[in-house]
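Shown next: data09.cif, given as mmCIF, C-alpha atoms.
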```cif
data_structure
loop_
_atom_site.group_PDB
_atom_site.id
_atom_site.type_symbol
_atom_site.label_atom_id
_atom_site.label_comp_id
_atom_site.auth_asym_id
_atom_site.auth_seq_id
_atom_site.Cartn_x
_atom_site.Cartn_y
_atom_site.Cartn_z
ATOM 1 C CA MET A 8 -73.831 -7.301 17.037
ATOM 2 C CA SER A 9 -72.521 -6.193 20.367
ATOM 3 C CA SER A 10 -71.575 -2.807 21.741
ATOM 4 C CA GLU A 11 -67.886 -3.782 21.535
ATOM 5 C CA ILE A 12 -68.077 -3.177 17.772
ATOM 6 C CA LEU A 13 -68.487 0.537 18.359
ATOM 7 C CA GLY A 14 -65.618 0.769 20.841
ATOM 8 C CA PRO A 15 -65.248 4.468 21.671
ATOM 9 C CA TRP A 16 -68.223 5.172 19.412
ATOM 10 C CA GLY A 17 -70.732 4.138 22.074
ATOM 11 C CA PRO A 18 -73.982 6.078 22.483
ATOM 12 C CA SER A 19 -73.640 9.673 23.590
ATOM 13 C CA ARG A 20 -76.995 11.389 23.677
ATOM 14 C CA SER A 21 -75.976 14.286 25.915
ATOM 15 C CA MET A 22 -73.793 16.238 23.515
ATOM 16 C CA THR A 23 -74.863 19.423 21.780
ATOM 17 C CA PRO A 24 -73.851 20.442 18.230
ATOM 18 C CA GLN A 25 -71.146 22.641 19.728
ATOM 19 C CA ARG A 26 -69.808 19.664 21.731
ATOM 20 C CA ARG A 27 -69.772 17.000 19.059
ATOM 21 C CA PRO A 28 -67.580 13.953 19.652
ATOM 22 C CA ALA A 29 -63.997 14.444 18.446
ATOM 23 C CA GLU A 30 -64.359 11.366 16.209
ATOM 24 C CA ALA A 31 -67.267 13.029 14.382
ATOM 25 C CA SER A 32 -65.087 15.199 12.203
ATOM 26 C CA ARG A 33 -66.819 15.218 8.812
ATOM 27 C CA GLN A 34 -70.489 15.960 8.209
ATOM 28 C CA LEU A 35 -71.811 14.026 5.230
ATOM 29 C CA PRO A 36 -74.777 15.560 3.362
ATOM 30 C CA PRO A 37 -77.498 13.165 2.144
ATOM 31 C CA SER A 38 -76.223 13.437 -1.432
ATOM 32 C CA LYS A 39 -72.992 11.747 -0.254
ATOM 33 C CA TRP A 40 -74.551 8.969 1.883
ATOM 34 C CA ARG A 41 -74.011 6.461 -0.944
ATOM 35 C CA GLU A 42 -70.264 6.758 -0.223
ATOM 36 C CA LEU A 43 -70.783 4.984 3.113
ATOM 37 C CA SER A 44 -70.175 1.244 3.500
ATOM 38 C CA PRO A 45 -72.065 -1.306 5.580
ATOM 39 C CA GLY A 46 -70.394 -1.681 8.966
ATOM 40 C CA GLU A 47 -68.959 1.835 8.959
ATOM 41 C CA SER A 48 -69.238 3.736 12.262
ATOM 42 C CA VAL A 49 -71.150 7.013 12.088
ATOM 43 C CA TRP A 50 -72.584 9.599 14.439
ATOM 44 C CA ILE A 51 -76.162 10.759 13.934
ATOM 45 C CA HIS A 52 -77.149 14.174 15.260
ATOM 46 C CA GLU A 53 -80.666 15.444 15.905
ATOM 47 C CA ASP A 54 -81.290 18.838 17.506
ATOM 48 C CA SER A 55 -83.741 17.471 20.075
ATOM 49 C CA TRP A 56 -81.607 14.423 20.923
ATOM 50 C CA GLY A 57 -77.918 15.181 20.465
ATOM 51 C CA PHE A 58 -75.356 12.760 19.034
ATOM 52 C CA ASP A 59 -75.819 8.995 18.941
ATOM 53 C CA ALA A 60 -73.421 6.415 17.513
ATOM 54 C CA GLY A 61 -74.428 3.696 15.093
ATOM 55 C CA LEU A 62 -73.245 1.452 12.311
ATOM 56 C CA VAL A 63 -74.245 1.764 8.676
ATOM 57 C CA ASP A 64 -76.421 -1.245 7.877
ATOM 58 C CA GLU A 65 -77.705 -0.621 4.345
ATOM 59 C CA VAL A 66 -77.101 2.159 1.836
ATOM 60 C CA SER A 67 -79.319 2.994 -1.122
ATOM 61 C CA SER A 68 -77.372 3.637 -4.303
ATOM 62 C CA ASP A 69 -80.403 5.240 -6.020
ATOM 63 C CA HIS A 70 -81.948 7.386 -3.281
ATOM 64 C CA GLU A 71 -80.931 9.315 -0.183
ATOM 65 C CA PHE A 72 -81.837 6.437 2.165
ATOM 66 C CA LEU A 73 -79.613 5.031 4.859
ATOM 67 C CA TRP A 74 -80.317 2.298 7.424
ATOM 68 C CA ILE A 75 -78.427 2.753 10.700
ATOM 69 C CA ASP A 76 -78.062 -0.001 13.304
ATOM 70 C CA PHE A 77 -77.983 1.387 16.831
ATOM 71 C CA VAL A 78 -76.341 -1.732 18.248
ATOM 72 C CA GLY A 79 -78.655 -3.470 20.676
ATOM 73 C CA ARG A 80 -81.276 -0.741 20.310
ATOM 74 C CA GLY A 81 -82.651 -1.361 16.833
ATOM 75 C CA ARG A 82 -82.380 -0.025 13.312
ATOM 76 C CA ARG A 83 -83.577 3.244 11.849
ATOM 77 C CA LEU A 84 -84.157 4.381 8.288
ATOM 78 C CA LEU A 85 -82.845 7.868 7.566
ATOM 79 C CA CYS A 86 -84.128 9.771 4.549
ATOM 80 C CA GLY A 87 -82.406 12.742 2.923
ATOM 81 C CA GLY A 88 -85.185 15.093 4.020
ATOM 82 C CA ASP A 89 -85.015 14.045 7.689
ATOM 83 C CA PRO A 90 -83.832 16.721 10.152
ATOM 84 C CA VAL A 91 -80.666 14.773 11.017
ATOM 85 C CA GLN A 92 -76.953 15.096 10.350
ATOM 86 C CA VAL A 93 -74.662 12.160 9.580
ATOM 87 C CA TRP A 94 -71.040 12.524 10.710
ATOM 88 C CA THR A 95 -68.128 10.254 9.866
ATOM 89 C CA ARG A 96 -64.498 10.010 10.842
ATOM 90 C CA GLY A 97 -62.704 12.605 8.715
#
```
Mind turning the file's structure into C-alpha cells?
Amino acid sequence: MSSEILGPWGPSRSMTPQRRPAEASRQLPPSKWRELSPGESVWIHEDSWGFDAGLVDEVSSDHEFLWIDFVGRGRRLLCGGDPVQVWTRG
C-alpha cells in the first residue's frame, strides 16, 4: 500500500487530544471495534504520541483485537486494554 491511500489521513503525530484532526470525529470504544472493516481509515491516539493515521487491516469478531496498518511503517496489534483511542470518521 502507498501513502496515497490515506489521502488527507496522512500521519500527524504532533496533535494533542484537544487538537484532534477534524476527520477524527467519532471515538470508537474497544467493544465496538468489530464494527470496523478492513481498509477503513482510522486515527489512533496515544497520550505520549498524539494522533497517527492508519488503515484497519484485520478485525477480530470474538475479541477486542484490531490490526492497524500504518502504511509504509508497519502493522500494529491493538488490544482492548491498550492505552489508545481509535477514532473514525463520524
What does the PyMOL selection byres ((chain A and resi 42-50) around 7) select in this file, as a VMD selection string? chain A and resid 13 31 39 to 41 51 to 52 58 to 65 93 to 95
Mind listing as a VMD selection string all residues within 8 Å of (-79.7, 1.7, 4.0), counting all atoms listed in the file? chain A and resid 63 to 67 72 to 75 84 to 85
What's the separation between CA of Trp56 (chain A) and CA of Arg80 (chain A), in Å to one decimal place? 15.2 Å
Mind giving me the straight-line distance from CA of Ser38 (chain A) to CA of Asp89 (chain A) in Å, one decimal?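 It comes out at 12.7 Å.
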Take CA of Arg26 (chain A) and CA of Glu71 (chain A) and report the distance between them in Å, one decimal. 26.7 Å
Can you report as JSON the centre and edge lengths in Å, to one decimal, of an axis-aligned box around the listed atoms of region 64-78 of chain A padded with 4 Å on each side?
```
{"center_x": -79.1, "center_y": 3.8, "center_z": 6.1, "size_x": 13.6, "size_y": 19.0, "size_z": 32.3}
```
At a cut-off of 7 Å, using only C-alpha atoms, what residues contact Arg96 (chain A)? Leave out same-chain residues fewer than 6 positions from it and give the result as a PyMOL selection string. chain A and resi 30-33
